[in-house]
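K.L.:
What follows is data-v4.txt, made up of compact mmCIF, C-alpha atoms:
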# COMPACT_ATOMS: atom_id res chain seq x y z
CA MET A 139 -66.29 -41.89 39.97
CA SER A 140 -68.26 -40.21 37.22
CA ILE A 141 -71.34 -41.65 35.50
CA SER A 142 -72.84 -40.07 32.38
CA GLN A 143 -75.68 -41.53 30.40
CA LYS A 144 -77.54 -40.69 27.22
CA LEU A 145 -80.40 -42.22 25.25
CA PHE A 146 -79.78 -42.19 21.50
CA THR A 147 -82.32 -42.68 18.74
CA LEU A 148 -81.69 -44.34 15.39
CA SER A 149 -84.02 -44.57 12.39
CA THR A 150 -83.33 -47.86 10.67
CA THR A 151 -84.04 -48.23 6.96
CA GLU A 152 -83.98 -51.97 6.36
CA ASN A 153 -85.82 -55.03 7.64
CA ILE A 154 -82.51 -56.56 8.65
CA GLY A 155 -79.72 -53.99 8.72
CA ILE A 156 -76.48 -53.25 10.51
CA TYR A 157 -75.50 -49.78 11.76
CA ASN A 158 -72.07 -48.72 13.01
CA LEU A 159 -72.36 -46.86 16.34
CA THR A 160 -68.64 -46.57 17.17
CA GLU A 161 -68.24 -42.90 16.32
CA LYS A 162 -71.45 -41.86 18.10
CA VAL A 163 -70.27 -43.56 21.30
CA GLN A 164 -66.72 -42.19 21.02
CA LYS A 165 -68.07 -38.65 20.60
CA PHE A 166 -70.28 -39.05 23.66
CA ILE A 167 -67.29 -40.20 25.72
CA GLU A 168 -65.51 -37.00 24.73
CA THR A 169 -68.33 -34.90 26.22
CA THR A 170 -67.70 -36.59 29.60
CA SER A 171 -64.58 -36.27 31.73
CA VAL A 172 -63.98 -40.03 31.90
CA LYS A 173 -60.44 -41.07 30.98
CA ASN A 174 -60.37 -44.67 32.24
CA GLY A 175 -63.45 -46.78 32.71
CA GLN A 176 -66.05 -48.37 30.49
CA ALA A 177 -68.88 -47.70 28.08
CA LEU A 178 -72.01 -49.81 28.49
CA ILE A 179 -74.18 -49.84 25.38
CA PHE A 180 -77.66 -51.26 25.84
CA SER A 181 -80.25 -51.94 23.13
CA ARG A 182 -83.76 -51.27 24.44
CA HIS A 183 -85.62 -53.61 22.09
CA THR A 184 -86.31 -57.34 21.84
CA THR A 185 -85.75 -57.40 18.06
CA THR A 186 -82.48 -55.49 17.84
CA ALA A 187 -79.06 -56.61 19.02
CA LEU A 188 -75.56 -55.26 19.48
CA VAL A 189 -72.42 -56.85 18.14
CA ILE A 190 -68.71 -55.99 18.08
CA ASN A 191 -67.09 -57.16 14.86
CA GLU A 192 -65.68 -55.98 11.53
CA ASP A 193 -67.66 -53.41 9.55
CA GLU A 194 -66.89 -54.84 6.11
CA SER A 195 -69.78 -54.58 3.67
CA ARG A 196 -69.60 -58.13 2.32
CA LEU A 197 -69.27 -59.58 5.82
CA LEU A 198 -72.38 -57.64 6.86
CA GLU A 199 -74.30 -59.48 4.11
CA ASP A 200 -72.86 -62.80 5.34
CA ILE A 201 -74.14 -61.98 8.84
CA LYS A 202 -77.68 -61.45 7.52
CA THR A 203 -77.53 -64.74 5.57
CA TYR A 204 -76.19 -66.54 8.65
CA LEU A 205 -78.93 -65.24 10.95
CA LYS A 206 -81.61 -66.20 8.41
CA LYS A 207 -80.14 -69.71 8.23
CA LEU A 208 -80.20 -70.09 12.03
CA ALA A 209 -83.74 -68.72 12.46
CA PRO A 210 -85.49 -68.80 9.05
CA PRO A 211 -88.16 -66.07 8.81
CA THR A 212 -90.38 -68.46 6.83
CA ASP A 213 -90.40 -71.23 9.47
CA SER A 214 -93.46 -71.75 11.66
CA TYR A 215 -93.32 -70.21 15.12
CA LEU A 216 -95.91 -70.22 17.91
CA HIS A 217 -95.25 -66.52 18.57
CA ASN A 218 -96.48 -65.78 15.04
CA ASP A 219 -99.99 -67.20 15.67
CA LEU A 220 -101.22 -63.67 16.23
CA HIS A 221 -104.88 -64.73 16.43
CA LEU A 222 -104.06 -66.64 19.62
CA ARG A 223 -102.44 -63.62 21.28
CA ASP A 224 -103.78 -60.30 22.56
CA VAL A 225 -101.90 -57.96 20.22
CA PRO A 226 -102.41 -54.65 18.39
CA PRO A 227 -103.61 -54.89 14.75
CA ASP A 228 -100.17 -53.97 13.36
CA GLU A 229 -98.26 -56.66 15.31
CA PRO A 230 -95.59 -58.15 13.03
CA GLU A 231 -94.82 -61.87 12.64
CA ASN A 232 -91.33 -61.60 14.03
CA ALA A 233 -90.46 -64.65 16.15
CA HIS A 234 -87.34 -65.14 14.02
CA SER A 235 -86.23 -61.59 14.91
CA HIS A 236 -86.42 -62.37 18.64
CA LEU A 237 -84.41 -65.59 18.18
CA MET A 238 -81.74 -63.79 16.16
CA ALA A 239 -81.49 -61.08 18.85
CA MET A 240 -80.95 -63.70 21.58
CA THR A 241 -78.20 -65.39 19.54
CA LEU A 242 -76.36 -62.06 19.44
CA SER A 243 -76.53 -59.76 22.51
CA THR A 244 -78.57 -56.97 24.07
CA ASN A 245 -75.56 -55.19 25.57
CA GLU A 246 -71.88 -54.65 25.05
CA ILE A 247 -69.27 -53.25 27.40
CA ILE A 248 -66.13 -51.67 25.99
CA PRO A 249 -63.20 -50.52 28.12
CA ILE A 250 -62.17 -46.86 27.88
CA MET A 251 -58.45 -46.03 28.04
CA ASP A 252 -57.13 -42.47 27.91
CA GLY A 253 -60.57 -41.25 26.86
CA LYS A 254 -60.90 -43.64 23.93
CA LEU A 255 -62.80 -46.89 23.30
CA ALA A 256 -60.11 -49.58 23.64
CA LEU A 257 -61.24 -51.43 20.51
CA GLY A 258 -58.92 -53.56 18.40
CA THR A 259 -57.98 -52.49 14.87
CA TYR A 260 -60.85 -54.22 13.09
CA GLN A 261 -63.50 -53.91 15.81
CA SER A 262 -66.61 -51.76 15.40
CA LEU A 263 -69.65 -51.55 17.63
CA MET A 264 -72.77 -52.19 15.56
CA LEU A 265 -76.51 -52.26 16.15
CA VAL A 266 -78.31 -55.03 14.28
CA GLU A 267 -81.88 -54.22 13.27
CA LEU A 268 -83.80 -57.48 13.01
CA ASP A 269 -87.38 -56.30 12.43
CA GLY A 270 -87.22 -52.90 10.78
CA PRO A 271 -87.45 -50.37 9.50
CA ARG A 272 -88.32 -48.61 12.78
CA GLU A 273 -87.37 -45.86 15.18
CA ARG A 274 -84.99 -47.46 17.69
CA THR A 275 -83.29 -46.33 20.87
CA PHE A 276 -80.12 -47.39 22.59
CA PHE A 277 -78.63 -46.30 25.85
CA VAL A 278 -74.99 -45.43 26.49
CA GLN A 279 -73.58 -45.20 30.01
CA VAL A 280 -70.01 -44.01 30.47
CA SER A 281 -68.47 -44.59 33.89
CA GLY A 282 -64.99 -44.36 35.34
CA VAL A 283 -62.37 -42.03 36.67
CA THR A 284 -61.33 -38.66 35.26
CA MET B 21 -63.22 -46.63 43.48
CA SER B 22 -60.14 -48.25 42.03
CA ILE B 23 -59.65 -49.14 38.33
CA SER B 24 -56.69 -51.25 37.16
CA GLN B 25 -56.23 -52.46 33.63
CA LYS B 26 -53.77 -54.64 31.77
CA LEU B 27 -53.35 -55.84 28.20
CA PHE B 28 -52.38 -59.52 27.99
CA THR B 29 -50.93 -61.34 25.01
CA LEU B 30 -51.56 -64.96 24.10
CA SER B 31 -49.91 -67.06 21.39
CA THR B 32 -52.48 -69.49 20.10
CA THR B 33 -51.35 -72.78 18.58
CA GLU B 34 -54.42 -74.07 16.75
CA ASN B 35 -56.75 -72.87 14.01
CA ILE B 36 -59.70 -73.29 16.36
CA GLY B 37 -58.59 -73.64 19.96
CA ILE B 38 -59.78 -72.87 23.47
CA TYR B 39 -57.56 -71.37 26.18
CA ASN B 40 -58.39 -71.11 29.88
CA LEU B 41 -57.72 -67.58 31.17
CA THR B 42 -59.17 -67.95 34.67
CA GLU B 43 -55.90 -68.17 36.55
CA LYS B 44 -54.30 -65.27 34.64
CA VAL B 45 -57.24 -63.01 35.49
CA GLN B 46 -57.36 -64.15 39.13
CA LYS B 47 -53.64 -63.43 39.55
CA PHE B 48 -54.07 -59.97 38.07
CA ILE B 49 -56.89 -59.22 40.52
CA GLU B 50 -54.52 -60.12 43.35
CA THR B 51 -52.07 -57.42 42.21
CA THR B 52 -54.82 -54.81 42.65
CA SER B 53 -56.45 -53.76 45.91
CA VAL B 54 -60.00 -54.53 44.71
CA LYS B 55 -61.98 -56.71 47.09
CA ASN B 56 -65.52 -56.26 45.72
CA GLY B 57 -66.28 -55.24 42.20
CA GLN B 58 -65.95 -56.76 38.77
CA ALA B 59 -63.50 -57.96 36.15
CA LEU B 60 -64.22 -56.98 32.56
CA ILE B 61 -62.41 -59.18 30.05
CA PHE B 62 -62.42 -57.90 26.48
CA SER B 63 -61.14 -59.71 23.39
CA ARG B 64 -59.59 -57.25 20.92
CA HIS B 65 -60.15 -59.28 17.77
CA THR B 66 -63.02 -59.98 15.38
CA THR B 67 -62.12 -63.68 15.07
CA THR B 68 -61.67 -64.57 18.73
CA ALA B 69 -64.35 -64.80 21.40
CA LEU B 70 -64.71 -65.23 25.14
CA VAL B 71 -66.89 -67.80 26.83
CA ILE B 72 -67.59 -68.87 30.40
CA ASN B 73 -68.24 -72.60 30.61
CA GLU B 74 -66.73 -75.92 31.71
CA ASP B 75 -63.10 -76.62 30.80
CA GLU B 76 -63.58 -80.34 30.10
CA SER B 77 -61.44 -81.62 27.24
CA ARG B 78 -64.16 -83.63 25.47
CA LEU B 79 -66.64 -80.75 25.77
CA LEU B 80 -64.06 -78.41 24.21
CA GLU B 81 -64.04 -80.70 21.16
CA ASP B 82 -67.86 -80.65 21.09
CA ILE B 83 -67.74 -76.83 21.08
CA LYS B 84 -65.48 -76.82 18.01
CA THR B 85 -67.77 -79.30 16.21
CA TYR B 86 -70.82 -77.23 17.15
CA LEU B 87 -69.34 -73.97 15.86
CA LYS B 88 -68.33 -75.64 12.59
CA LYS B 89 -71.86 -76.95 12.19
CA LEU B 90 -73.36 -73.47 12.73
CA ALA B 91 -70.93 -71.68 10.40
CA PRO B 92 -69.24 -74.30 8.16
CA PRO B 93 -65.75 -73.13 7.08
CA THR B 94 -66.32 -74.73 3.66
CA ASP B 95 -69.55 -72.82 2.88
CA SER B 96 -69.49 -69.89 0.43
CA TYR B 97 -69.30 -66.43 2.00
CA LEU B 98 -69.16 -63.02 0.32
CA HIS B 99 -66.42 -61.90 2.75
CA ASN B 100 -64.18 -64.64 1.31
CA ASP B 101 -64.23 -63.24 -2.24
CA LEU B 102 -60.86 -61.64 -1.56
CA HIS B 103 -60.41 -60.49 -5.17
CA LEU B 104 -63.37 -58.16 -4.71
CA ARG B 105 -61.93 -56.55 -1.56
CA ASP B 106 -58.94 -54.30 -0.91
CA VAL B 107 -56.93 -56.61 1.34
CA PRO B 108 -53.29 -57.51 2.07
CA PRO B 109 -51.88 -60.55 0.19
CA ASP B 110 -52.00 -62.78 3.29
CA GLU B 111 -55.68 -62.10 4.08
CA PRO B 112 -57.32 -65.36 5.22
CA GLU B 113 -60.72 -66.67 4.08
CA ASN B 114 -62.29 -66.43 7.51
CA ALA B 115 -65.93 -65.34 7.26
CA HIS B 116 -66.91 -68.40 9.30
CA SER B 117 -64.55 -67.25 12.08
CA HIS B 118 -66.33 -63.88 12.31
CA LEU B 119 -69.75 -65.56 12.44
CA MET B 120 -68.62 -67.96 15.18
CA ALA B 121 -67.21 -65.02 17.20
CA MET B 122 -70.54 -63.18 17.00
CA THR B 123 -72.43 -66.26 18.16
CA LEU B 124 -70.26 -66.31 21.27
CA SER B 125 -69.16 -62.99 22.83
CA THR B 126 -66.43 -60.34 22.69
CA ASN B 127 -66.56 -59.58 26.40
CA GLU B 128 -67.37 -61.15 29.73
CA ILE B 129 -67.92 -59.53 33.10
CA ILE B 130 -67.35 -61.55 36.25
CA PRO B 131 -68.18 -60.28 39.75
CA ILE B 132 -65.34 -60.13 42.29
CA MET B 133 -66.14 -61.01 45.91
CA ASP B 134 -63.53 -60.88 48.68
CA GLY B 135 -60.80 -60.53 46.06
CA LYS B 136 -61.82 -63.60 44.08
CA LEU B 137 -63.68 -64.19 40.81
CA ALA B 138 -67.17 -65.25 41.93
CA LEU B 139 -67.35 -68.15 39.46
CA GLY B 140 -69.46 -71.25 40.04
CA THR B 141 -67.79 -74.63 40.64
CA TYR B 142 -67.60 -75.68 36.99
CA GLN B 143 -67.14 -72.25 35.40
CA SER B 144 -63.93 -71.23 33.65
CA LEU B 145 -63.24 -68.14 31.57
CA MET B 146 -61.92 -69.19 28.17
CA LEU B 147 -60.69 -67.45 25.04
CA VAL B 148 -61.80 -69.13 21.82
CA GLU B 149 -59.37 -68.77 18.93
CA LEU B 150 -61.35 -69.01 15.70
CA ASP B 151 -58.75 -68.16 13.04
CA GLY B 152 -55.35 -69.10 14.43
CA PRO B 153 -52.67 -69.73 15.17
CA ARG B 154 -51.86 -66.09 15.89
CA GLU B 155 -50.59 -63.63 18.47
CA ARG B 156 -53.69 -62.38 20.28
CA THR B 157 -54.38 -59.75 22.91
CA PHE B 158 -57.08 -59.39 25.50
CA PHE B 159 -57.76 -56.64 27.95
CA VAL B 160 -58.63 -57.03 31.61
CA GLN B 161 -60.09 -54.20 33.66
CA VAL B 162 -60.61 -54.68 37.38
CA SER B 163 -62.79 -52.11 39.12
CA GLY B 164 -64.42 -51.86 42.51
CA VAL B 165 -63.85 -50.99 46.15
CA THR B 166 -60.89 -51.98 48.30
CA MET C 156 -69.65 -45.28 44.63
CA SER C 157 -71.78 -47.95 46.24
CA ILE C 158 -71.59 -51.70 45.52
CA SER C 159 -74.20 -54.13 46.85
CA GLN C 160 -74.31 -57.79 45.98
CA LYS C 161 -76.59 -60.70 46.69
CA LEU C 162 -76.67 -64.38 45.78
CA PHE C 163 -80.17 -65.59 44.85
CA THR C 164 -81.39 -69.16 44.65
CA LEU C 165 -83.99 -70.49 42.24
CA SER C 166 -85.59 -73.94 42.14
CA THR C 167 -86.28 -74.77 38.53
CA THR C 168 -89.08 -77.17 37.65
CA GLU C 169 -88.42 -78.13 34.04
CA ASN C 170 -85.61 -79.70 32.03
CA ILE C 171 -85.57 -76.66 29.77
CA GLY C 172 -87.43 -73.73 31.32
CA ILE C 173 -87.39 -69.95 31.34
CA TYR C 174 -87.81 -67.86 34.51
CA ASN C 175 -88.42 -64.12 34.67
CA LEU C 176 -86.02 -62.46 37.15
CA THR C 177 -86.87 -58.82 36.44
CA GLU C 178 -88.93 -58.17 39.54
CA LYS C 179 -86.46 -59.91 41.87
CA VAL C 180 -83.62 -57.74 40.57
CA GLN C 181 -85.70 -54.54 40.66
CA LYS C 182 -86.67 -55.21 44.29
CA PHE C 183 -83.04 -55.78 45.23
CA ILE C 184 -82.06 -52.46 43.64
CA GLU C 185 -84.65 -50.77 45.85
CA THR C 186 -82.91 -52.11 48.98
CA THR C 187 -79.72 -50.31 47.91
CA SER C 188 -79.20 -46.56 47.65
CA VAL C 189 -78.10 -46.69 44.00
CA LYS C 190 -79.94 -44.25 41.75
CA ASN C 191 -77.74 -44.30 38.64
CA GLY C 192 -75.44 -47.14 37.72
CA GLN C 193 -75.82 -50.72 36.63
CA ALA C 194 -77.01 -54.15 37.65
CA LEU C 195 -74.74 -57.08 36.76
CA ILE C 196 -76.57 -60.40 36.79
CA PHE C 197 -74.34 -63.47 36.66
CA SER C 198 -75.46 -67.10 36.28
CA ARG C 199 -73.16 -69.38 38.27
CA HIS C 200 -73.70 -72.54 36.21
CA THR C 201 -72.45 -73.97 32.91
CA THR C 202 -75.89 -75.25 31.90
CA THR C 203 -77.99 -72.16 32.62
CA ALA C 204 -77.97 -68.86 30.75
CA LEU C 205 -79.38 -65.37 30.99
CA VAL C 206 -81.26 -63.58 28.26
CA ILE C 207 -83.03 -60.24 27.89
CA ASN C 208 -86.07 -60.56 25.64
CA GLU C 209 -89.87 -60.67 25.60
CA ASP C 210 -91.62 -62.80 28.22
CA GLU C 211 -94.44 -64.01 25.96
CA SER C 212 -95.49 -67.59 26.61
CA ARG C 213 -95.59 -68.74 22.99
CA LEU C 214 -92.22 -67.11 22.24
CA LEU C 215 -90.73 -68.94 25.23
CA GLU C 216 -91.76 -72.22 23.57
CA ASP C 217 -90.20 -71.05 20.30
CA ILE C 218 -86.94 -70.37 22.17
CA LYS C 219 -86.87 -73.94 23.49
CA THR C 220 -87.54 -75.35 20.01
CA TYR C 221 -84.83 -73.10 18.53
CA LEU C 222 -82.20 -74.15 21.06
CA LYS C 223 -83.01 -77.83 20.49
CA LYS C 224 -82.62 -77.31 16.75
CA LEU C 225 -79.21 -75.67 17.17
CA ALA C 226 -77.88 -78.27 19.65
CA PRO C 227 -80.11 -81.37 19.43
CA PRO C 228 -80.15 -83.28 22.75
CA THR C 229 -80.23 -86.57 20.81
CA ASP C 230 -77.06 -85.89 18.78
CA SER C 231 -73.80 -87.63 19.70
CA TYR C 232 -71.37 -85.60 21.80
CA LEU C 233 -67.94 -86.55 23.16
CA HIS C 234 -68.81 -84.96 26.53
CA ASN C 235 -71.61 -87.52 26.88
CA ASP C 236 -69.26 -90.54 26.78
CA LEU C 237 -69.42 -90.68 30.56
CA HIS C 238 -67.47 -93.96 30.76
CA LEU C 239 -64.43 -92.12 29.39
CA ARG C 240 -64.59 -89.36 32.02
CA ASP C 241 -64.03 -89.30 35.77
CA VAL C 242 -67.52 -88.31 36.87
CA PRO C 243 -69.96 -88.96 39.75
CA PRO C 244 -72.54 -91.75 39.17
CA ASP C 245 -75.39 -89.24 38.66
CA GLU C 246 -73.61 -87.20 35.95
CA PRO C 247 -76.16 -86.24 33.27
CA GLU C 248 -75.59 -86.45 29.49
CA ASN C 249 -75.83 -82.72 28.94
CA ALA C 250 -73.39 -81.58 26.27
CA HIS C 251 -76.28 -79.95 24.41
CA SER C 252 -77.09 -77.91 27.55
CA HIS C 253 -73.55 -76.48 27.63
CA LEU C 254 -73.70 -75.58 23.93
CA MET C 255 -77.06 -73.87 24.34
CA ALA C 256 -75.71 -71.89 27.33
CA MET C 257 -72.74 -70.66 25.28
CA THR C 258 -75.03 -69.55 22.45
CA LEU C 259 -76.90 -67.37 24.93
CA SER C 260 -74.95 -65.65 27.73
CA THR C 261 -73.68 -66.16 31.29
CA ASN C 262 -74.14 -62.53 32.29
CA GLU C 263 -76.22 -59.48 31.54
CA ILE C 264 -75.66 -55.86 32.50
CA ILE C 265 -78.62 -53.51 32.69
CA PRO C 266 -78.30 -49.76 33.27
CA ILE C 267 -80.09 -48.28 36.30
CA MET C 268 -81.68 -44.85 35.93
CA ASP C 269 -83.45 -43.09 38.80
CA GLY C 270 -83.40 -46.33 40.79
CA LYS C 271 -85.03 -48.42 38.07
CA LEU C 272 -83.78 -50.97 35.54
CA ALA C 273 -83.69 -49.01 32.27
CA LEU C 274 -85.34 -51.78 30.26
CA GLY C 275 -87.38 -51.16 27.13
CA THR C 276 -91.14 -51.79 27.11
CA TYR C 277 -90.97 -55.44 26.04
CA GLN C 278 -87.70 -56.40 27.72
CA SER C 279 -87.53 -58.86 30.60
CA LEU C 280 -84.47 -60.42 32.21
CA MET C 281 -84.84 -64.20 32.18
CA LEU C 282 -82.83 -67.17 33.41
CA VAL C 283 -82.84 -70.12 31.02
CA GLU C 284 -82.57 -73.52 32.69
CA LEU C 285 -81.00 -75.92 30.21
CA ASP C 286 -80.48 -79.06 32.31
CA GLY C 287 -83.04 -79.06 35.08
CA PRO C 288 -84.88 -79.34 37.24
CA ARG C 289 -82.27 -78.24 39.80
CA GLU C 290 -81.45 -75.78 42.55
CA ARG C 291 -79.73 -72.88 40.83
CA THR C 292 -78.00 -69.70 41.99
CA PHE C 293 -77.42 -66.36 40.36
CA PHE C 294 -75.55 -63.36 41.55
CA VAL C 295 -76.71 -59.74 41.35
CA GLN C 296 -74.31 -56.85 41.84
CA VAL C 297 -75.69 -53.31 41.91
CA SER C 298 -73.16 -50.51 41.58
CA GLY C 299 -73.36 -46.78 40.99
CA VAL C 300 -73.98 -43.44 42.60
CA THR C 301 -76.66 -42.56 45.14
Please lay out the structure from this file as structure tokens.
P.N.:
Amino acid sequence: MSISQKLFTLSTTENIGIYNLTEKVQKFIETTSVKNGQALIFSRHTTTALVINEDESRLLEDIKTYLKKLAPPTDSYLHNDLHLRDVPPDEPENAHSHLMAMTLSTNEIIPIMDGKLALGTYQSLMLVELDGPRERTFFVQVSGVT
Amino acid sequence: MSISQKLFTLSTTENIGIYNLTEKVQKFIETTSVKNGQALIFSRHTTTALVINEDESRLLEDIKTYLKKLAPPTDSYLHNDLHLRDVPPDEPENAHSHLMAMTLSTNEIIPIMDGKLALGTYQSLMLVELDGPRERTFFVQVSGVT
Amino acid sequence: MSISQKLFTLSTTENIGIYNLTEKVQKFIETTSVKNGQALIFSRHTTTALVINEDESRLLEDIKTYLKKLAPPTDSYLHNDLHLRDVPPDEPENAHSHLMAMTLSTNEIIPIMDGKLALGTYQSLMLVELDGPRERTFFVQVSGVT
């Protein structure tokens, strides 16, 4: 079995934004010798998430609206009472971002067949920034047989 | 290490419906030599999801009601403005189906112990159709030691 | 490749409560010889979930409030009509617990690098009890290369 791993960085540009990672992950797989196995993608933040769905621009706006309906940024949250917590001066009020991240997922696993991500026709792997813009990192681990 | 993989097809019969896959996956494991490892189940669609929970008929109805409350099919969504998108003539208005799928999951991983899915007493693996009826596919990858 | 697995037990003390498992899993990894690979953590119940997020006490209260808003325990659910189901006399009315569990996740996979969980600075692995207090079990499988 072969295991290859790489930490990627991503500069997000929006407060809530969605970034397609499919091609980055596919290209990394091609630098390994893995033909059949899996790619584990892991977001290393508590206010970003990963999702596998359709990368259609109007749907991406619907996703943002949906997440804001589930966890409204303007609601009151205990986590946002910064004066009651021991935090740095630039700590954001981002409880809603954490709740959105939990509703989605921190990791995704995609099978690899014949050296390619075995995604369906309309599936893309996307990172969802929920408290940006920031410098973000995600981890990709490719494992399997050559 | 051994890796075996198989693409399954499933004909769904409802617009929103829930289908127990546990036995199909268990039978596939038994055709491989894997005794300890894991089964990765991957839905290849953006309007289906996988879930591990209790297969109790009244709960399955509660799940459908819950998903429709979170993402009401009758709400307005940008993705449903089909005249503003380049789509085939039979494109459905299914933004709610995408949002429901994201709230659940595209993939599940279940440990295998002694050749069996290490599920708890009340756990079943289920595929959730969110924009059917349709022909659907899901991928199962069994990996581990013999 | 090496695969090590262990079933853990956890006595929860609250009806809805959140328990940090990070150290337990890290210590288990150190009993194996795996240096690079992954830890699969699997909850074996339909009314518990796993989540990777920040273990900050006020945020944990926000999570409970959020889950109760999404699936209110006082709403009517078909699964709670216990007289219409074949159930033991102590069966709880817990449809909301199942729905909360599905909104989060049954399993989490965390990469292992140099013998350590490759979590980000603010990430903790937590088990979410949604229908306690009870005796619970979760499964940890560590696989990879030494």
K.L.:
Using all atoms listed in the file, what does the table of chain B residues within 7 Å of chain A look like, with each row giving the shortest atom pair and its distance in Å to one decimal, sorted by chain and ascending number, as a Markdown table?
P.N.:
| residue | atom | partner | partner_atom | distance |
| --- | --- | --- | --- | --- |
| B:Met21 | CA | A:Met139 | CA | 6.6 |
| B:Arg64 | CA | A:Gly258 | CA | 4.5 |
| B:His65 | CA | A:Gly258 | CA | 5.9 |
| B:Thr66 | CA | A:Asn191 | CA | 5.0 |
| B:Tyr97 | CA | A:Asp200 | CA | 6.1 |
| B:Leu98 | CA | A:Arg196 | CA | 5.3 |
| B:His99 | CA | A:Leu197 | CA | 4.8 |
| B:Ala115 | CA | A:Leu197 | CA | 6.8 |
| B:Leu119 | CA | A:Ile201 | CA | 6.7 |
| B:Met122 | CA | A:Leu242 | CA | 6.4 |
| B:Thr123 | CA | A:Leu242 | CA | 5.9 |
| B:Thr126 | CA | A:Ile190 | CA | 6.7 |
| B:Asn127 | CA | A:Ile247 | CA | 7.0 |
K.L.:
Report, in Å with one decimal, the straight-line distance from atom CA of Leu263 of chain A to atom CA of Gln164 of chain A.
P.N.:
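Computing the Euclidean distance for atom CA of Leu263 of chain A and atom CA of Gln164 of chain A yields 10.4 Å.
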K.L.:
Which residue, A:Val278, A:Leu255, A:Leu222, A:Ile141, has the smallest gap to Thr170 of chain A when you use only C-alpha atoms?
P.N.:
A:Ile141
K.L.:
In Å, how far is it from atom CA of Leu41 of chain B to atom CA of Met146 of chain B?
P.N.:
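Pair atom CA of Leu41 of chain B / atom CA of Met146 of chain B returns 5.4 Å.
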K.L.:
Enclose all atoms of segment 119-137 of chain B listed in the file in an axis-aligned box, grow every side by 6 Å, and hand back centre and edge lengths in Å to one decimal, as JSON.
P.N.:
{"center_x": -66.6, "center_y": -63.7, "center_z": 30.6, "size_x": 23.6, "size_y": 20.4, "size_z": 48.2}
K.L.:
Identify the residues around (-60.0, -66.3, 15.8) within a radius of 9 Å, measuring from all atoms listed in the file in the coordinates stated by the file, and give them as an MDAnalysis selection string.
P.N.:
chainID B and resid 35:37 65:69 114 117:118 120:121 148:154 156
K.L.:
Can you work out the spacing between atom CA of Tyr174 of chain C and atom CA of Val225 of chain A in Å, to one decimal?
P.N.:
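Atom CA of Val225 of chain A lies 22.4 Å from atom CA of Tyr174 of chain C.
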K.L.:
I need the residue nearest Lys271 of chain C from this list: C:Thr164, C:Lys223, C:Asn175, C:Lys190. Use all atoms listed in the file for the distance.
P.N.:
C:Lys190
K.L.:
Would you please work out which residue, of C:Lys219, C:Asp236, C:Phe293, C:Pro247, is nearest to Glu169 of chain C when using all atoms listed in the file?
P.N.:
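Result for the nearest residue to Glu169 of chain C: C:Lys219.
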